[in-house]
Amino acid sequence: MSLVIKGASLLGEQAGDLYVDDSGLLVEAAPSGAETIDADGLVALPGLVDLHTHLREPGREDAETILTGSQAAALGGYTAILAMANTSPVTDTAEAATRVWELGREAGLVHVQPVGAVTRGLGGEELAELGLMHRSRAGVTVFSDDGRCVHDARVMRRALEYVKAFGGVVSQHSQDPSLAGSAACCHEGELSGRLGLPGWPGIAEEVIVARDVMLARHTGSRVHVAHVSTAGSVEVLRWAKAQGIDVTAEVTPHHLLLTTDLLTGYDPTYKVNPPLRPQEDVDALRGALADGTIDAVATDHAPHARHDKEHAFVDAAFGMLGLETALGVVRMAMPDLSWTDVARVMSLTPARIAGLADQGRPLAPGSPAHVVLVDPDAAITVDRDASASLSRNNPWHGRHLTSRVVHTVYAGRVTVRDGALA
Ligand SMILES: NC(=O)N[C@@H](CC(=O)O)C(=O)O
């Protein structure tokens with residue numbers, strides 16, 4: 001099916017038409033018999049790419065499946081997502097990775113790229129089948145034990161040496177377990193003391209970020225820092241980049257907008273790992289995203305079933321939904337980012353980090369037609385019950401956002417039309 005996307009403002013600049021032929025590529029001239037999408041007043045961006053999505057299949061299909069997560073992603077303007085390995089069983093073999101990749105293709109709404117575990121069973125000790133996962137049909141290049149930190153420096157060093165051979169990257173969940181153990185559930189500060197909640201100090205993140213950039217330098221391999229949450233981590237990253245160390249980093253939409261104060265009501269919706277931080281950290285994260293110290297926005301979309309999330313704060317699962325709201329939240333947190341910058345941090349750079357050559361491409365003839373069309377001014381009130389996700393742990397429920405995703409086109413196929421699944 002060929003398409004003419006008429007009158008969209010490309011990256012918020014001049015208006016133009018985009019032509020998509022029936023092989024799903026952007027082309028120079030309008031194909032005959034094409035469907036026309038009226039995009040007058042809409043901004044066209046390359047389809048968004050999420051470096052950090054938790055789908056719960058296999059194992060917890062009551063919380064999310066590859067299909068429902070793909071639907072949520074398409075509604076959020078995504079055309080590719082990286083599916084984290086902390087499923088049950090863990091994605092730590094070529095077979096498991098290939099299965100996720102196949103299920104993503106069957107769903108057919110976004111490219112689902114499996115992330116491979118760094119260590120077997122996320123156990124932190126023995127390396128998983130990194131090479132076999134890479135050589136499988138899934139072509140895994142990003143490895144992460146996310147949800148857990150690869151805390152043993154020797155294991156991290158070996159993983160970096162191993163993936164270097166094929167240009168892989170280790171995405172680290174930076175949390176030193178001796179400084180922030182499994183009970184830690186709230187930013188350590190005056191408020192955690194007052195609330196009586198076990199603290200998760202920023203230093204537990206920062207020491208791992210510092211160690212890992214040194215390991216990246218030592219091995220000449222590539223580290224990606226997942227969900228950076230503190231000003232101290234930003235300082236380390238700034239230094240590391242100035243040294244030319246091969247490190248990239250992501251920040252979540254929620255860490256750009258929400259702060260620790262939300263915890264005064266003990267609402268587990270706001271329990272997330274790493275925890276929400278004070279305003280000073282949020283300000284540092286925004287500055288770092290704007291100046292390129294942080295490379296990308298990644299959702300850390302973490303769906304949880306009601307019976308895992310609706311508990312006393314200390315017992316509830318960590319995580320919040322993010323795919324459907326990410327763009328609106330980023331626009332709200334950082335209204336001064338240009339659309340070119342938004343495309344850079346939410347599409348081009350994440351695609352490059354993940355090695356997805358087909359994604360994050362300029363909206364120009366020859367590129368695969370992965371496009372999102374956004375109404376920059378439309379007001380949205382988030383309704384958690386209107387979500388495609390199977391879970392409802394949505395911290396944005398009832399909030400007002402702008403920048404509504406109107407249409408999403410994946411490989412030339414309309415996946416979202418007028419804000420609804422096509
Ligand atoms: N980010 C989260 O708060 N949750 C993640 C894993 C994790 O990092 O704990 C999840 O899988 O639910």
# chains A, B, ... in the order shown; residues from 1 in each chain; ligands from 1

$ closest_atom_pairs --of "stretch 271-377 of chain A" --to "stretch 173-179 of chain A" --cutoff "12 Å" --atoms "only C-alpha atoms" --output "Markdown table"
| residue | atom | partner | partner_atom | distance |
| --- | --- | --- | --- | --- |
| A:Asn273 | CA | A:His173 | CA | 9.3 |
| A:Pro274 | CA | A:Gln175 | CA | 8.0 |
| A:Pro275 | CA | A:Gln175 | CA | 11.0 |
| A:Asp300 | CA | A:His173 | CA | 11.1 |

$ residues_near_ligand --ligand "ligand 1" --cutoff "7 Å" --atoms "only C-alpha atoms and all ligand atoms" --output "PyMOL selection string"
chain A and resi 54+86+146-148+173+271-274+300+302-304+317-320

$ closest_atom_pairs --of "stretch 166-273 of chain A" --to "stretch 333-349 of chain A" --cutoff "12 Å" --atoms "only C-alpha atoms" --output "Markdown table"
| residue | atom | partner | partner_atom | distance |
| --- | --- | --- | --- | --- |
| A:Thr248 | CA | A:Thr349 | CA | 9.6 |
| A:Ala249 | CA | A:Thr349 | CA | 10.3 |
| A:Glu250 | CA | A:Val345 | CA | 8.8 |
| A:Val251 | CA | A:Val345 | CA | 9.8 |
| A:Thr252 | CA | A:Met346 | CA | 10.7 |
| A:Pro253 | CA | A:Ala333 | CA | 8.0 |
| A:His254 | CA | A:Ala333 | CA | 9.1 |
| A:His255 | CA | A:Ala333 | CA | 9.6 |
| A:Leu256 | CA | A:Ala333 | CA | 6.1 |
| A:Leu257 | CA | A:Ala333 | CA | 5.5 |
| A:Leu258 | CA | A:Ala333 | CA | 9.2 |
| A:Thr259 | CA | A:Ala333 | CA | 12.0 |

$ select_by_dssp --residues "stretch 63-238 of chain A" --states "strand (DSSP E)" --output "list in words"
Tyr78, Thr79, Ala80, Ile81, Leu82, Ala83, His111, Val112, Gln113, Pro114, Val142, Phe143, Val169, Val170, Ser171, Gln172, Cys186, His187, Gly199, Trp200, Val223, His224 and Val225 of chain A

$ closest_residue --among "A:Ala288, A:Leu42, A:Ile245, A:Leu421" --to "A:Gly232" --atoms "only C-alpha atoms"
A:Ala288

$ residues_around --residues "stretch 308-315 of chain A" --least-positions-apart "4" --cutoff "12 Å" --atoms "only C-alpha atoms" --output "ChimeraX atom specification"
/A:60,62-63,182-186,192,195-199,263-272,302-304,319-321,391-394

$ write_last_selection --atoms "N, CA and C atoms" --output "mmCIF file, in the first residue's frame"
data_model
loop_
_atom_site.group_PDB
_atom_site.id
_atom_site.type_symbol
_atom_site.label_atom_id
_atom_site.label_comp_id
_atom_site.auth_asym_id
_atom_site.auth_seq_id
_atom_site.Cartn_x
_atom_site.Cartn_y
_atom_site.Cartn_z
ATOM 1 N N ARG A 60 5.065 -13.428 32.040
ATOM 2 C CA ARG A 60 4.071 -12.631 32.747
ATOM 3 C C ARG A 60 3.150 -11.943 31.741
ATOM 4 N N ASP A 62 0.190 -11.723 31.812
ATOM 5 C CA ASP A 62 -0.927 -10.978 32.430
ATOM 6 C C ASP A 62 -0.570 -9.490 32.551
ATOM 7 N N ALA A 63 0.715 -9.165 32.553
ATOM 8 C CA ALA A 63 1.134 -7.759 32.708
ATOM 9 C C ALA A 63 1.370 -7.077 31.364
ATOM 10 N N SER A 182 18.212 -4.708 47.753
ATOM 11 C CA SER A 182 16.886 -4.915 47.169
ATOM 12 C C SER A 182 15.780 -4.225 47.964
ATOM 13 N N ALA A 183 16.029 -3.900 49.226
ATOM 14 C CA ALA A 183 14.980 -3.229 50.011
ATOM 15 C C ALA A 183 14.897 -1.732 49.685
ATOM 16 N N ALA A 184 16.002 -1.164 49.172
ATOM 17 C CA ALA A 184 16.048 0.280 48.932
ATOM 18 C C ALA A 184 14.976 0.678 47.932
ATOM 19 N N CYS A 185 14.110 1.621 48.293
ATOM 20 C CA CYS A 185 12.972 1.871 47.400
ATOM 21 C C CYS A 185 12.638 3.336 47.213
ATOM 22 N N CYS A 186 13.468 4.218 47.764
ATOM 23 C CA CYS A 186 13.136 5.641 47.709
ATOM 24 C C CYS A 186 14.451 6.399 47.772
ATOM 25 N N SER A 192 13.175 10.380 52.784
ATOM 26 C CA SER A 192 13.107 8.930 53.043
ATOM 27 C C SER A 192 13.144 8.677 54.548
ATOM 28 N N LEU A 195 9.701 9.523 55.914
ATOM 29 C CA LEU A 195 8.684 8.547 55.514
ATOM 30 C C LEU A 195 8.970 7.156 56.064
ATOM 31 N N GLY A 196 10.188 6.966 56.561
ATOM 32 C CA GLY A 196 10.557 5.647 57.078
ATOM 33 C C GLY A 196 10.744 4.617 55.970
ATOM 34 N N LEU A 197 11.185 5.079 54.802
ATOM 35 C CA LEU A 197 11.394 4.162 53.681
ATOM 36 C C LEU A 197 12.894 3.936 53.488
ATOM 37 N N PRO A 198 13.298 2.688 53.215
ATOM 38 C CA PRO A 198 14.726 2.404 53.013
ATOM 39 C C PRO A 198 15.294 3.189 51.836
ATOM 40 N N GLY A 199 16.403 3.871 52.056
ATOM 41 C CA GLY A 199 16.941 4.806 51.067
ATOM 42 C C GLY A 199 17.810 4.150 50.000
ATOM 43 N N LEU A 263 6.328 11.066 46.736
ATOM 44 C CA LEU A 263 6.224 9.876 47.574
ATOM 45 C C LEU A 263 5.528 10.126 48.906
ATOM 46 N N THR A 264 5.213 11.376 49.206
ATOM 47 C CA THR A 264 4.626 11.661 50.526
ATOM 48 C C THR A 264 3.307 10.926 50.729
ATOM 49 N N GLY A 265 2.615 10.580 49.646
ATOM 50 C CA GLY A 265 1.360 9.826 49.788
ATOM 51 C C GLY A 265 1.558 8.318 49.776
ATOM 52 N N TYR A 266 2.788 7.855 49.748
ATOM 53 C CA TYR A 266 3.116 6.417 49.708
ATOM 54 C C TYR A 266 2.412 5.697 48.556
ATOM 55 N N ASP A 267 2.192 6.412 47.456
ATOM 56 C CA ASP A 267 1.506 5.780 46.322
ATOM 57 C C ASP A 267 2.523 4.963 45.514
ATOM 58 N N PRO A 268 2.343 3.636 45.465
ATOM 59 C CA PRO A 268 3.331 2.791 44.786
ATOM 60 C C PRO A 268 3.426 3.022 43.272
ATOM 61 N N THR A 269 2.476 3.767 42.709
ATOM 62 C CA THR A 269 2.590 4.138 41.289
ATOM 63 C C THR A 269 3.916 4.848 41.042
ATOM 64 N N TYR A 270 4.388 5.557 42.059
ATOM 65 C CA TYR A 270 5.613 6.349 41.899
ATOM 66 C C TYR A 270 6.862 5.596 42.355
ATOM 67 N N LYS A 271 6.703 4.313 42.622
ATOM 68 C CA LYS A 271 7.874 3.513 43.002
ATOM 69 C C LYS A 271 8.533 2.986 41.733
ATOM 70 N N VAL A 272 9.771 3.368 41.540
ATOM 71 C CA VAL A 272 10.461 3.015 40.306
ATOM 72 C C VAL A 272 11.950 2.886 40.601
ATOM 73 N N ALA A 302 7.649 -0.206 32.223
ATOM 74 C CA ALA A 302 7.723 -1.365 33.129
ATOM 75 C C ALA A 302 6.336 -1.725 33.641
ATOM 76 N N PRO A 303 5.569 -2.451 32.829
ATOM 77 C CA PRO A 303 4.204 -2.799 33.222
ATOM 78 C C PRO A 303 4.176 -3.817 34.360
ATOM 79 N N HIS A 304 3.238 -3.621 35.271
ATOM 80 C CA HIS A 304 3.051 -4.584 36.369
ATOM 81 C C HIS A 304 1.570 -4.813 36.606
ATOM 82 N N GLY A 319 8.461 0.170 39.041
ATOM 83 C CA GLY A 319 8.273 0.414 37.612
ATOM 84 C C GLY A 319 6.998 1.142 37.268
ATOM 85 N N MET A 320 7.026 1.825 36.131
ATOM 86 C CA MET A 320 5.871 2.585 35.652
ATOM 87 C C MET A 320 5.778 2.489 34.119
ATOM 88 N N LEU A 321 4.582 2.687 33.612
ATOM 89 C CA LEU A 321 4.390 2.670 32.167
ATOM 90 C C LEU A 321 5.007 3.923 31.539
ATOM 91 N N SER A 391 -1.343 -3.316 31.626
ATOM 92 C CA SER A 391 -1.151 -2.867 33.004
ATOM 93 C C SER A 391 -1.634 -1.430 33.182
ATOM 94 N N ARG A 392 -1.809 -1.041 34.417
ATOM 95 C CA ARG A 392 -2.400 0.264 34.703
ATOM 96 C C ARG A 392 -1.520 1.115 35.616
ATOM 97 N N ASN A 393 -0.245 0.716 35.782
ATOM 98 C CA ASN A 393 0.639 1.477 36.678
ATOM 99 C C ASN A 393 1.183 2.702 35.946
ATOM 100 N N ASN A 394 0.260 3.640 35.742
ATOM 101 C CA ASN A 394 0.546 4.802 34.909
ATOM 102 C C ASN A 394 0.603 6.070 35.765
#

$ residues_around --residues "A:Pro350" --least-positions-apart "4" --cutoff "9 Å" --atoms "only C-alpha atoms" --output "ChimeraX atom specification"
/A:48-51,250,295-298,344-346,354-356,360
